[in-house]
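Heads up: the structure comes next, in structure tokens.
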Amino acid sequence: MVKIRAFVLLGTVALVCLLLLTLQMRGHIAGASDALAIVTTPVQSVLSRVNRATVGLWSTYRDWKNVRSENRRLREESQQLRVAALRVTETVEENRRLRRLLALKESMPLATLSGEVIAREWGGWVRSLTVNRGRGDRVLRLTAVIGPDGLIGRVVDVRPGASIVQVLTDPTSTVGGHAVRARTQGIVEGEPRGTMRFKYMARDGAGIQVGDLVVTSGAGGLFPRGIPIGRVRAIDDRGSALFHYAQLTPAVDFARIDEVLLIVGEGTHDVAALFPATAN
């Protein structure tokens, strides 16, 4: 009903305006121009306001749409920049690792072969590593594997294009060790919970302290002497027992190591000078 009244009112105003305009053009009413202005001015004002409001609303909508588009573009650019920054950071870190590995390789008095870690066996901790060197590279079983920070382990299985490396924390791993400061000989053993311990004679280890560095002893000829194995983090004093134990923190982070060196040359060289950790 309200809509009908609005249409009727609008039609009446239009007819009055048309009538006044016709009379003005024919000269029947002297004040037709003023009457027409009185009638049309409010209508024109309303239409003008409606027009301005419509234009403003449309402009606001266009601006809002442009802002959304701009925000979307900026987010995409920001994401691309973050990805590029991560790539640059990763490249810088990779170059740093490779330079350290190259420096170690060039300084090593034994023949070495560089390799890349392509897989890890997890069991709550890293149990073994797979490197991309195998029979085709003449890798042999029990080949020693090291990194820029120290000893990683030994090759226990050689395949056509890869080798399995047993890391020091594996429960079946044993390595001859030597506490540098206290000059104590012993055996470094892996433990089931993914840690390492240094087993030594009680009478020889009286001077071992937390923080002491344990390196390879060179016994058996499998590993060169002086490669960092780990640092003492706790001592298990068993009183009058024949053997004592020291818990070790590995020198190498087996979960993060990506590049390794396989020692393919034979010898019992002392390589302690090649590792900065041995100087601390």
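So you can find residues: chains in the structure tokens are A, B, ... in the order shown, residues in each start at 1, and ligands are numbered from 1 in order.
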Practice problem: May I have the residues within 10 Å of Ser173 in chain A as a VMD selection string, using only C-alpha atoms and disregarding those fewer than 4 positions away in the same chain? | Solution: chain A and resid 153 to 154 166 to 169 188 to 191 196
Q.
Could you go through range 74-176 of chain A and tell me which residues DSSP, when run on the backbone, assigns to helix (DSSP H, G or I), listing them as a ChimeraX atom specification?
A. /A:74-107,135-137
### Message
Need the shell around Asp170 in chain A: protein/DNA/RNA residues with any atom at most 12 Å away, counting only C-alpha atoms. Skip same-chain ones fewer than 4 positions apart. Format as a list in words?
### Response
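Contacts, with the query itself left out: Glu121, Trp122, Gly123, Gly124, Trp125, Val126, Arg127, Ser128, Leu129, Ile152, Gly153, Arg154, Val156, Val165, Gln166, Thr174, Val175, Val188, Glu189, Gly190, Glu191, Pro192, Arg193, Gly194, Thr195, Met196, Arg197, Pro250 and Phe254 of chain A.
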| request: Please provide as a PyMOL selection string all residues within 12 Å of Val180 in chain A, with the sequence filter that same-chain residues fewer than 3 positions apart are discarded (counting only C-alpha atoms). | output: chain A and resi 177+183-186+205+207-209+211-217+225-232+272+277-280
Using only C-alpha atoms, the shortest atom-to-atom distance to Arg181 in chain A among A:Val210, A:Met108, A:Leu242, A:Ile146 belongs to A:Val210
Between CA of Leu261 in chain A and CA of Phe198 in chain A, what is the distance in Å, rounded to a tenth?
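Here the two named atoms are 24.3 Å from each other.
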Shell around range 90-104 of chain A at 12 Å using only C-alpha atoms, local window under 2 positions removed, as JSON, numbers by chain | {"A": [83, 84, 85, 86, 87, 88, 106, 107, 108, 109, 110, 111, 112, 113, 114, 115, 116, 146, 147, 148, 149, 150, 227, 256, 257, 258, 259, 260, 261, 262, 263, 271, 272, 273, 274, 275, 276]}
Residues from the last selection, N, CA and C atoms, saved as a short mmCIF file (atom, residue, chain, number, x, y, z; two decimals), in the first residue's frame:
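Heads up, here's the output in result_5.cif:
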data_model
loop_
_atom_site.label_atom_id
_atom_site.label_comp_id
_atom_site.auth_asym_id
_atom_site.auth_seq_id
_atom_site.Cartn_x
_atom_site.Cartn_y
_atom_site.Cartn_z
N VAL A 83 59.69 -16.75 1.60
CA VAL A 83 60.24 -17.98 1.01
C VAL A 83 61.64 -17.73 0.46
N ALA A 84 61.79 -16.59 -0.24
CA ALA A 84 63.11 -16.25 -0.80
C ALA A 84 64.14 -16.07 0.31
N ALA A 85 63.72 -15.43 1.43
CA ALA A 85 64.64 -15.23 2.55
C ALA A 85 65.05 -16.57 3.16
N LEU A 86 64.08 -17.50 3.29
CA LEU A 86 64.41 -18.82 3.81
C LEU A 86 65.38 -19.55 2.89
N ARG A 87 65.17 -19.41 1.58
CA ARG A 87 66.07 -20.06 0.64
C ARG A 87 67.48 -19.49 0.75
N VAL A 88 67.56 -18.18 0.88
CA VAL A 88 68.88 -17.54 1.03
C VAL A 88 69.55 -18.02 2.31
N GLU A 106 90.40 -31.43 3.07
CA GLU A 106 91.71 -31.03 2.55
C GLU A 106 92.80 -31.18 3.60
N SER A 107 92.43 -31.07 4.88
CA SER A 107 93.43 -31.18 5.94
C SER A 107 93.66 -32.61 6.40
N MET A 108 92.71 -33.49 6.12
CA MET A 108 92.80 -34.86 6.60
C MET A 108 93.99 -35.58 5.96
N PRO A 109 94.86 -36.18 6.77
CA PRO A 109 96.02 -36.88 6.22
C PRO A 109 95.68 -38.22 5.59
N LEU A 110 94.40 -38.60 5.62
CA LEU A 110 93.94 -39.85 5.04
C LEU A 110 93.00 -39.57 3.87
N ALA A 111 92.90 -40.53 2.95
CA ALA A 111 91.97 -40.38 1.83
C ALA A 111 90.54 -40.44 2.34
N THR A 112 89.71 -39.51 1.88
CA THR A 112 88.32 -39.46 2.32
C THR A 112 87.39 -39.33 1.11
N LEU A 113 86.14 -39.63 1.34
CA LEU A 113 85.10 -39.53 0.32
C LEU A 113 83.92 -38.80 0.93
N SER A 114 83.51 -37.71 0.31
CA SER A 114 82.37 -36.95 0.85
C SER A 114 81.06 -37.65 0.50
N GLY A 115 80.10 -37.50 1.36
CA GLY A 115 78.79 -38.11 1.14
C GLY A 115 77.69 -37.25 1.73
N GLU A 116 76.46 -37.50 1.30
CA GLU A 116 75.29 -36.76 1.77
C GLU A 116 74.33 -37.71 2.46
N ILE A 146 82.91 -39.50 9.59
CA ILE A 146 83.09 -38.35 10.46
C ILE A 146 82.40 -37.13 9.87
N GLY A 147 82.28 -36.09 10.69
CA GLY A 147 81.77 -34.79 10.26
C GLY A 147 82.69 -33.71 10.78
N PRO A 148 82.43 -32.45 10.44
CA PRO A 148 83.28 -31.35 10.90
C PRO A 148 83.38 -31.24 12.42
N ASP A 149 82.37 -31.78 13.15
CA ASP A 149 82.38 -31.66 14.62
C ASP A 149 82.92 -32.89 15.32
N GLY A 150 83.07 -34.00 14.59
CA GLY A 150 83.59 -35.18 15.25
C GLY A 150 83.12 -36.48 14.62
N ILE A 227 89.73 -37.97 17.15
CA ILE A 227 88.46 -37.47 16.64
C ILE A 227 87.49 -37.28 17.81
N ARG A 256 70.77 -33.66 12.79
CA ARG A 256 70.91 -32.48 11.94
C ARG A 256 72.06 -32.58 10.94
N ILE A 257 72.93 -33.55 11.09
CA ILE A 257 74.06 -33.68 10.18
C ILE A 257 73.56 -34.02 8.77
N ASP A 258 74.07 -33.32 7.77
CA ASP A 258 73.62 -33.54 6.38
C ASP A 258 74.75 -33.98 5.46
N GLU A 259 75.99 -33.59 5.75
CA GLU A 259 77.13 -33.96 4.92
C GLU A 259 78.18 -34.66 5.78
N VAL A 260 78.81 -35.69 5.25
CA VAL A 260 79.76 -36.48 6.02
C VAL A 260 81.00 -36.76 5.17
N LEU A 261 82.04 -37.27 5.85
CA LEU A 261 83.24 -37.76 5.18
C LEU A 261 83.43 -39.22 5.56
N LEU A 262 83.65 -40.06 4.56
CA LEU A 262 83.96 -41.47 4.78
C LEU A 262 85.47 -41.62 4.65
N ILE A 263 86.13 -42.15 5.68
CA ILE A 263 87.59 -42.31 5.65
C ILE A 263 87.90 -43.61 4.93
N VAL A 271 94.62 -37.05 14.42
CA VAL A 271 93.99 -35.93 13.69
C VAL A 271 93.35 -34.94 14.65
N ALA A 272 93.74 -34.95 15.91
CA ALA A 272 93.12 -34.06 16.90
C ALA A 272 93.25 -32.60 16.51
N ALA A 273 94.36 -32.23 15.89
CA ALA A 273 94.58 -30.83 15.54
C ALA A 273 93.58 -30.32 14.51
N LEU A 274 92.89 -31.21 13.82
CA LEU A 274 91.94 -30.79 12.78
C LEU A 274 90.60 -30.39 13.36
N PHE A 275 90.35 -30.67 14.64
CA PHE A 275 89.06 -30.40 15.25
C PHE A 275 89.21 -29.34 16.33
N PRO A 276 88.56 -28.17 16.14
CA PRO A 276 88.69 -27.10 17.13
C PRO A 276 88.26 -27.52 18.53
#
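Distance annotation: of A:Ala255, A:Val131, A:Val264, A:Ala119, the residue with the minimal separation from Val158 in chain A is A:Val131; atom set is only C-alpha atoms.
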Min atom-atom distance to Gly136 in chain A from the set A:Ile118, A:Ile187, A:Trp64, A:Arg159, counting only C-alpha atoms, belongs to A:Arg159
- Per DSSP on the backbone, what are the strand (DSSP E) residues of range 115-256 of chain A, as a ChimeraX atom specification? /A:115-122,126-131,144-147,150-158,163-167,174-179,184-190,196-201,213-216,228-236,243-250
